[in-house]
Structure formats: C-alpha cells, structure tokens
file start.tsv (TSV, C-alpha atoms)
chain	number	residue	atom	x	y	z
H	1	MET	CA	-26.36	-26.93	-31.16
H	2	THR	CA	-23.12	-28.90	-31.05
H	3	ASP	CA	-19.83	-28.99	-29.17
H	4	ARG	CA	-17.91	-29.78	-32.35
H	5	ALA	CA	-15.36	-27.19	-33.37
H	6	PRO	CA	-12.48	-26.94	-35.81
H	7	ALA	CA	-9.19	-28.44	-34.58
H	8	ARG	CA	-7.18	-26.12	-32.31
H	9	LEU	CA	-3.69	-25.64	-33.64
H	10	PRO	CA	-0.44	-23.84	-32.87
H	11	ALA	CA	0.73	-20.80	-34.84
H	12	PRO	CA	1.97	-21.53	-38.39
H	13	PRO	CA	4.05	-22.85	-39.96
H	14	TYR	CA	2.70	-26.39	-39.69
H	15	TYR	CA	1.54	-28.91	-42.28
H	16	ALA	CA	-1.92	-29.97	-43.42
H	17	VAL	CA	-2.61	-33.15	-45.39
H	18	VAL	CA	-5.88	-32.73	-47.28
H	19	PHE	CA	-7.50	-36.04	-48.29
H	20	THR	CA	-10.65	-35.83	-50.44
H	21	ALA	CA	-12.36	-39.07	-51.42
H	22	VAL	CA	-15.47	-40.64	-52.86
H	23	ARG	CA	-16.31	-44.03	-51.36
H	24	THR	CA	-17.53	-47.17	-53.04
H	25	SER	CA	-20.88	-48.66	-51.92
H	26	GLY	CA	-21.11	-50.38	-48.54
H	27	ASP	CA	-18.88	-50.19	-45.48
H	28	ASN	CA	-16.55	-53.13	-46.22
H	29	GLY	CA	-14.79	-52.66	-42.89
H	30	TYR	CA	-14.06	-49.00	-43.55
H	31	GLN	CA	-15.44	-47.41	-40.39
H	32	GLU	CA	-13.68	-49.75	-37.97
H	33	THR	CA	-10.37	-49.24	-39.77
H	34	ASP	CA	-10.84	-45.49	-40.00
H	35	ASP	CA	-11.50	-45.26	-36.24
H	36	ARG	CA	-8.41	-47.39	-35.55
H	37	LEU	CA	-6.21	-45.32	-37.87
H	38	MET	CA	-7.32	-42.04	-36.28
H	39	GLU	CA	-6.35	-43.46	-32.86
H	40	LEU	CA	-2.96	-44.49	-34.23
H	41	ALA	CA	-2.39	-41.14	-35.95
H	42	ALA	CA	-3.20	-39.25	-32.75
H	43	ASP	CA	-0.41	-41.18	-30.99
H	44	GLU	CA	2.19	-40.29	-33.64
H	45	PRO	CA	4.87	-37.71	-32.79
H	46	GLY	CA	4.05	-34.41	-34.48
H	47	PHE	CA	0.31	-35.07	-34.91
H	48	LEU	CA	-1.54	-31.81	-34.19
H	49	GLY	CA	-5.19	-32.55	-34.95
H	50	VAL	CA	-7.80	-33.59	-37.49
H	51	ASP	CA	-10.93	-32.17	-39.12
H	52	ALA	CA	-13.24	-34.50	-41.05
H	53	ALA	CA	-16.59	-34.24	-42.82
H	54	ARG	CA	-18.54	-36.38	-45.26
H	55	GLY	CA	-21.40	-34.93	-47.23
H	56	ALA	CA	-24.62	-36.53	-48.39
H	57	ASP	CA	-23.30	-36.58	-51.98
H	58	GLY	CA	-20.54	-39.03	-51.00
H	59	LEU	CA	-17.52	-36.71	-51.04
H	60	GLY	CA	-15.54	-36.86	-47.81
H	61	ILE	CA	-12.74	-34.58	-46.69
H	62	THR	CA	-10.24	-35.40	-43.94
H	63	VAL	CA	-7.58	-32.84	-43.02
H	64	THR	CA	-4.80	-33.98	-40.66
H	65	TYR	CA	-2.39	-31.42	-39.21
H	66	TRP	CA	1.28	-32.16	-38.50
H	67	GLN	CA	4.24	-30.39	-36.99
H	68	ASP	CA	6.66	-31.05	-39.83
H	69	GLU	CA	7.47	-33.11	-42.92
H	70	GLN	CA	9.21	-35.76	-40.82
H	71	SER	CA	6.04	-36.55	-38.86
H	72	ILE	CA	4.07	-36.86	-42.12
H	73	ALA	CA	6.69	-39.26	-43.51
H	74	ALA	CA	6.72	-41.35	-40.33
H	75	TRP	CA	2.92	-41.73	-40.41
H	76	ARG	CA	3.05	-42.57	-44.10
H	77	ASN	CA	5.50	-45.39	-43.31
H	78	HIS	CA	3.46	-46.77	-40.39
H	79	ALA	CA	2.84	-50.42	-41.29
H	80	GLU	CA	-0.88	-50.47	-40.40
H	81	HIS	CA	-1.47	-47.21	-42.26
H	82	ALA	CA	0.32	-48.48	-45.38
H	83	LEU	CA	-1.76	-51.67	-45.30
H	84	ALA	CA	-4.97	-49.66	-44.96
H	85	ARG	CA	-4.06	-47.47	-47.93
H	86	LYS	CA	-3.58	-50.55	-50.09
H	87	TYR	CA	-6.89	-52.01	-48.89
H	88	GLY	CA	-8.55	-48.66	-49.50
H	89	ARG	CA	-7.50	-48.58	-53.13
H	90	GLU	CA	-8.81	-52.12	-53.59
H	91	HIS	CA	-12.11	-51.77	-51.73
H	92	TRP	CA	-13.15	-48.43	-50.25
H	93	TYR	CA	-12.53	-45.65	-52.74
H	94	SER	CA	-13.77	-44.94	-56.23
H	95	SER	CA	-11.47	-41.91	-56.36
H	96	TYR	CA	-9.38	-39.78	-54.06
H	97	ALA	CA	-6.85	-36.96	-54.03
H	98	LEU	CA	-4.19	-36.19	-51.44
H	99	HIS	CA	-2.62	-32.75	-51.08
H	100	VAL	CA	0.41	-32.34	-48.82
H	101	THR	CA	0.53	-28.67	-47.86
H	102	LYS	CA	2.48	-26.23	-45.73
H	103	VAL	CA	0.24	-23.87	-43.76
H	104	GLU	CA	1.54	-20.34	-44.16
H	105	ARG	CA	-1.20	-18.36	-42.39
H	106	ALA	CA	-4.18	-19.27	-40.24
H	107	TYR	CA	-7.11	-17.43	-38.70
H	108	GLY	CA	-9.79	-18.51	-36.25
H	109	PHE	CA	-13.14	-17.26	-35.06
H	110	THR	CA	-15.25	-18.26	-32.08
H	111	ARG	CA	-18.65	-16.66	-31.53
H	112	PRO	CA	-18.76	-14.58	-28.34
H	113	GLU	CA	-21.01	-16.05	-25.64
H	114	GLY	CA	-24.54	-14.68	-25.37
O	1	MET	CA	-22.98	-44.71	-57.05
O	2	THR	CA	-22.16	-41.07	-57.72
O	3	ASP	CA	-20.47	-38.94	-60.31
O	4	ARG	CA	-18.88	-36.74	-57.65
O	5	ALA	CA	-15.10	-36.78	-57.57
O	6	PRO	CA	-12.32	-34.73	-55.96
O	7	ALA	CA	-11.40	-31.53	-57.82
O	8	ARG	CA	-9.02	-32.06	-60.75
O	9	LEU	CA	-5.95	-29.90	-60.40
O	10	PRO	CA	-2.68	-29.07	-62.15
O	11	ALA	CA	0.68	-30.28	-60.86
O	12	PRO	CA	1.93	-28.54	-57.68
O	13	PRO	CA	2.84	-26.02	-56.55
O	14	TYR	CA	-0.57	-24.40	-56.12
O	15	TYR	CA	-2.43	-23.10	-53.07
O	16	ALA	CA	-5.24	-24.57	-51.00
O	17	VAL	CA	-7.38	-22.52	-48.61
O	18	VAL	CA	-8.87	-24.87	-46.00
O	19	PHE	CA	-11.99	-23.47	-44.29
O	20	THR	CA	-13.45	-25.54	-41.44
O	21	ALA	CA	-16.59	-24.28	-39.74
O	22	VAL	CA	-19.45	-25.12	-37.40
O	23	ARG	CA	-22.70	-23.38	-38.28
O	24	THR	CA	-25.27	-21.77	-36.04
O	25	SER	CA	-28.86	-23.08	-36.13
O	26	GLY	CA	-31.02	-22.34	-39.17
O	27	ASP	CA	-30.14	-21.25	-42.66
O	28	ASN	CA	-30.36	-17.45	-42.25
O	29	GLY	CA	-29.67	-16.95	-45.93
O	30	TYR	CA	-26.51	-19.02	-45.85
O	31	GLN	CA	-27.17	-21.44	-48.71
O	32	GLU	CA	-28.16	-18.79	-51.24
O	33	THR	CA	-25.10	-16.71	-50.40
O	34	ASP	CA	-22.80	-19.74	-50.45
O	35	ASP	CA	-24.04	-20.73	-53.91
O	36	ARG	CA	-23.56	-17.16	-55.13
O	37	LEU	CA	-20.05	-16.91	-53.68
O	38	MET	CA	-18.98	-20.20	-55.26
O	39	GLU	CA	-20.14	-18.87	-58.66
O	40	LEU	CA	-18.17	-15.67	-58.10
O	41	ALA	CA	-15.06	-17.53	-56.92
O	42	ALA	CA	-15.13	-19.79	-59.99
O	43	ASP	CA	-14.99	-16.67	-62.17
O	44	GLU	CA	-11.92	-15.28	-60.39
O	45	PRO	CA	-8.53	-15.41	-62.13
O	46	GLY	CA	-6.42	-18.18	-60.65
O	47	PHE	CA	-9.34	-20.21	-59.24
O	48	LEU	CA	-8.56	-23.90	-59.79
O	49	GLY	CA	-11.38	-25.79	-58.07
O	50	VAL	CA	-13.24	-26.56	-54.86
O	51	ASP	CA	-14.03	-29.56	-52.64
O	52	ALA	CA	-16.70	-29.23	-49.96
O	53	ALA	CA	-18.37	-31.53	-47.44
O	54	ARG	CA	-20.57	-31.04	-44.38
O	55	GLY	CA	-21.03	-33.87	-41.90
O	56	ALA	CA	-24.07	-34.76	-39.82
O	57	ASP	CA	-22.30	-33.47	-36.70
O	58	GLY	CA	-22.30	-29.92	-38.09
O	59	LEU	CA	-18.64	-29.53	-39.04
O	60	GLY	CA	-18.19	-28.42	-42.63
O	61	ILE	CA	-14.99	-28.26	-44.66
O	62	THR	CA	-14.52	-26.25	-47.85
O	63	VAL	CA	-11.19	-26.37	-49.67
O	64	THR	CA	-10.65	-23.91	-52.52
O	65	TYR	CA	-7.61	-24.26	-54.77
O	66	TRP	CA	-5.77	-21.31	-56.31
O	67	GLN	CA	-2.91	-20.71	-58.68
O	68	ASP	CA	-0.98	-18.31	-56.49
O	69	GLU	CA	-1.05	-15.93	-53.52
O	70	GLN	CA	-2.20	-13.06	-55.71
O	71	SER	CA	-5.40	-14.83	-56.72
O	72	ILE	CA	-6.16	-15.62	-53.05
O	73	ALA	CA	-5.63	-11.97	-52.13
O	74	ALA	CA	-7.84	-10.74	-54.98
O	75	TRP	CA	-10.69	-13.05	-53.91
O	76	ARG	CA	-10.25	-11.97	-50.29
O	77	ASN	CA	-10.67	-8.35	-51.38
O	78	HIS	CA	-13.75	-9.02	-53.55
O	79	ALA	CA	-16.46	-6.72	-52.14
O	80	GLU	CA	-19.26	-9.30	-52.05
O	81	HIS	CA	-16.96	-11.88	-50.46
O	82	ALA	CA	-15.83	-9.43	-47.78
O	83	LEU	CA	-19.45	-8.55	-46.99
O	84	ALA	CA	-20.37	-12.25	-46.74
O	85	ARG	CA	-17.49	-12.89	-44.31
O	86	LYS	CA	-18.73	-10.11	-42.03
O	87	TYR	CA	-22.31	-11.43	-42.21
O	88	GLY	CA	-20.99	-14.94	-41.57
O	89	ARG	CA	-19.30	-13.91	-38.32
O	90	GLU	CA	-22.51	-12.18	-37.20
O	91	HIS	CA	-25.01	-14.88	-38.20
O	92	TRP	CA	-23.80	-18.17	-39.70
O	93	TYR	CA	-20.85	-19.48	-37.75
O	94	SER	CA	-20.35	-20.51	-34.15
O	95	SER	CA	-16.68	-21.12	-34.91
O	96	TYR	CA	-14.36	-21.46	-37.86
O	97	ALA	CA	-10.72	-21.78	-38.83
O	98	LEU	CA	-9.02	-20.79	-42.08
O	99	HIS	CA	-5.68	-22.24	-43.18
O	100	VAL	CA	-3.89	-20.71	-46.16
O	101	THR	CA	-1.54	-23.38	-47.47
O	102	LYS	CA	0.93	-24.04	-50.25
O	103	VAL	CA	0.49	-27.48	-51.83
O	104	GLU	CA	3.89	-29.11	-52.14
O	105	ARG	CA	2.93	-32.59	-53.35
O	106	ALA	CA	-0.27	-34.19	-54.57
O	107	TYR	CA	-1.43	-37.68	-55.51
O	108	GLY	CA	-4.61	-38.97	-57.06
O	109	PHE	CA	-6.37	-42.28	-57.51
O	110	THR	CA	-9.25	-43.30	-59.73
O	111	ARG	CA	-10.63	-46.84	-59.58
O	112	PRO	CA	-10.08	-48.74	-62.81
O	113	GLU	CA	-13.27	-49.48	-64.75
O	114	GLY	CA	-14.68	-52.96	-64.42
call {"tool": "encode", "arguments": {"input": "start.tsv", "output": "structure tokens"}}
result
Amino acid sequence: MTDRAPARLPAPPYYAVVFTAVRTSGDNGYQETDDRLMELAADEPGFLGVDAARGADGLGITVTYWQDEQSIAAWRNHAEHALARKYGREHWYSSYALHVTKVERAYGFTRPEG
Amino acid sequence: MTDRAPARLPAPPYYAVVFTAVRTSGDNGYQETDDRLMELAADEPGFLGVDAARGADGLGITVTYWQDEQSIAAWRNHAEHALARKYGREHWYSSYALHVTKVERAYGFTRPEG
C-alpha cells in the first residue's frame, strides 16, 4: 500500500531527538522551511535519518537520528536552523517538547514477502 | 485550534520508547486493541505519558515515556501486550522499528496567552 518505511539505522548506540509539537492555524511558511531544514539536516555530519508523522488532531512527531552528541550540537548551532526555531516559537507552534535521547537498544521488523 | 499538547513529563532522566510503523491495509482489529493497550499501559507502574501521530502516508509514530528500565521490562512482559505484538507482526504491520532510549535532556515551549 505504500513504500514508506521506518528509517534504517546502524546498531546502537546512537541518538534520537524526539520533537513533538502542536501547530498554530495556517501554514505561515512552515512547510517550505521544514522541507529546507530537512535537506540541510540530511547534509550534516552524523545525521542518520528521520521519521515524521502528523495526525489529524494536530499533534506532529519528528524523530531525527544522529551518530553522537557532537552532531546534535552542530545542527543545533546551524544558523538557518537557529533562525527557524526562533520563527517557530513566534509563529508556527502553540506548544512543543524536545527530548534528546540516547538509543540503547533497537529492534526492527519487515513483513516477509508473499 | 486544539487542546492537544505534547505529553507533560518530569525532569530527565526518564526513558522514551519510540515505535515507528507502517500498517498493512485495513483495520483487522487494530484500533480496538490499540485503545485497550494504551489503557493498560497507562495503568502500569512507571508509565509517564504517550505521544502518538499517524500521517497520511501511512507512517505512524508512538512514543511512550517511562520512569525506568524496570517499568519498560514489566510492560514488555505484560501478557496482553505480548500477545498483541505477536498478532501485530502477523496482521497489522508491514514494517516497524522500536528504539529504547534514555532521555538525557528535554525542553518545552507553550505559547503565551494573548
């Protein structure tokens, strides 16, 4: 039904940054900036992948995966990313939470063909 | 626009279990079981909260938050949960990934009133 799948990742340990957010009304330039930021993040050293979903009730979850703390810090300090975070607090989000986590164990499943 | 908000959590450290999945076609009893499991999880010792979203492209993300490793292990061993995982591999999921993580830092934002 779809060719989407969870991000493919190396064996732990690695890091996951869990961002959960409720948006304000309207787009206000969000989608274009989000697309641009995901392109920039994917070019960062230590970026491993991303999973994202937004439900009909307005809660969105974006999980980015990183090799180490240093790569998370470098992305946090990226000028365009910092600017977008500021703009996001002013315009895009009614509330959000960010959890910086270390992945200790991971498991995957893919349905056998047929 | 909505009264949804990210889960409210204590100060780190705590644990986050990140489950990302693509479903097969049809419900096949999924929604009823998912509702039931979320009720059971919320009654478990050490359960702190949950954030969940499923996008139009079929990828869903559920993040459950826990006090410690012991509470994650107890929920994993819950008989009804174990049965649902087996049924899920047979019927509900075309692929999934599970990341057991330790939350090291967390930040929140709530838009000021007005």
call {"tool": "residues_around", "arguments": {"input": "start.tsv", "residues": "segment 100-110 of chain H", "least_positions_apart": "3", "cutoff": "7 Å", "atoms": "all atoms listed in the file", "output": "MDAnalysis selection string"}}
result
(chainID H and resid 12:18) or (chainID O and resid 94:106)
call {"tool": "residues_around", "arguments": {"input": "start.tsv", "residues": "segment 68-70 of chain O", "least_positions_apart": "2", "cutoff": "8 Å", "atoms": "only C-alpha atoms", "output": "VMD selection string"}}
result
chain O and resid 14 to 15 46 66 72 to 74
call {"tool": "atom_distance", "arguments": {"input": "start.tsv", "atom1": "atom CA of Ala56 of chain H", "atom2": "atom CA of Ala5 of chain O"}}
result
13.2 Å
call {"tool": "axis_aligned_box", "arguments": {"input": "start.tsv", "around": "segment 47-62 of chain H", "padding_each_side": "5 Å", "output": "JSON"}}
result
{"center_x": -12.2, "center_y": -35.4, "center_z": -43.1, "size_x": 34.9, "size_y": 17.2, "size_z": 27.8}
call {"tool": "atom_distance", "arguments": {"input": "start.tsv", "atom1": "atom CA of Asp27 of chain O", "atom2": "atom CA of Arg85 of chain O"}}
result
15.3 Å
call {"tool": "closest_residue", "arguments": {"input": "start.tsv", "among": "H:Leu40, H:Leu59, H:Trp92, H:Leu48", "to": "His78 of chain H", "atoms": "only C-alpha atoms"}}
result
H:Leu40
call {"tool": "atom_distance", "arguments": {"input": "start.tsv", "atom1": "atom CA of Ala79 of chain H", "atom2": "atom CA of Thr24 of chain H"}}
result
23.7 Å
call {"tool": "closest_residue", "arguments": {"input": "start.tsv", "among": "O:Ile61, O:Val50, O:Leu83, O:Met38", "to": "Pro6 of chain O", "atoms": "only C-alpha atoms"}}
result
O:Val50
call {"tool": "residues_around", "arguments": {"input": "start.tsv", "residues": "Asn28 of chain O", "least_positions_apart": "6", "cutoff": "12 Å", "atoms": "all atoms listed in the file", "output": "PyMOL selection string"}}
result
chain O and resi 34+87-88+90-93
call {"tool": "closest_residue", "arguments": {"input": "start.tsv", "among": "O:Ala82, O:Ala11, O:Arg54, O:Pro112", "to": "chain H", "atoms": "all atoms listed in the file"}}
result
O:Arg54
call {"tool": "closest_residue", "arguments": {"input": "start.tsv", "among": "H:His81, H:Arg8, H:Arg111, H:Gln31", "to": "chain O", "atoms": "all atoms listed in the file"}}
result
H:Arg111
call {"tool": "closest_residue", "arguments": {"input": "start.tsv", "among": "O:Arg23, O:Glu44, O:Ser71, O:Leu9", "to": "Arg89 of chain O", "atoms": "only C-alpha atoms"}}
result
O:Arg23
call {"tool": "closest_residue", "arguments": {"input": "start.tsv", "among": "O:Thr33, O:Tyr65, O:Gly58, O:Glu80", "to": "chain H", "atoms": "all atoms listed in the file"}}
result
O:Gly58
call {"tool": "residues_around", "arguments": {"input": "start.tsv", "residues": "Arg36 of chain O", "least_positions_apart": "6", "cutoff": "12 Å", "atoms": "only C-alpha atoms", "output": "ChimeraX atom specification"}}
result
/O:29-30,42-43,80-81,84
call {"tool": "write_last_selection", "arguments": {"input": "start.tsv", "atoms": "C-alpha atoms", "output": "PDB file, in the frame of the given file"}}
result
ATOM      1  CA  GLY O  29     -29.670 -16.950 -45.930  1.00  0.00           C
ATOM      2  CA  TYR O  30     -26.510 -19.020 -45.850  1.00  0.00           C
ATOM      3  CA  ALA O  42     -15.130 -19.790 -59.990  1.00  0.00           C
ATOM      4  CA  ASP O  43     -14.990 -16.670 -62.170  1.00  0.00           C
ATOM      5  CA  GLU O  80     -19.260  -9.300 -52.050  1.00  0.00           C
ATOM      6  CA  HIS O  81     -16.960 -11.880 -50.460  1.00  0.00           C
ATOM      7  CA  ALA O  84     -20.370 -12.250 -46.740  1.00  0.00           C
TER       8      ALA O  84
END
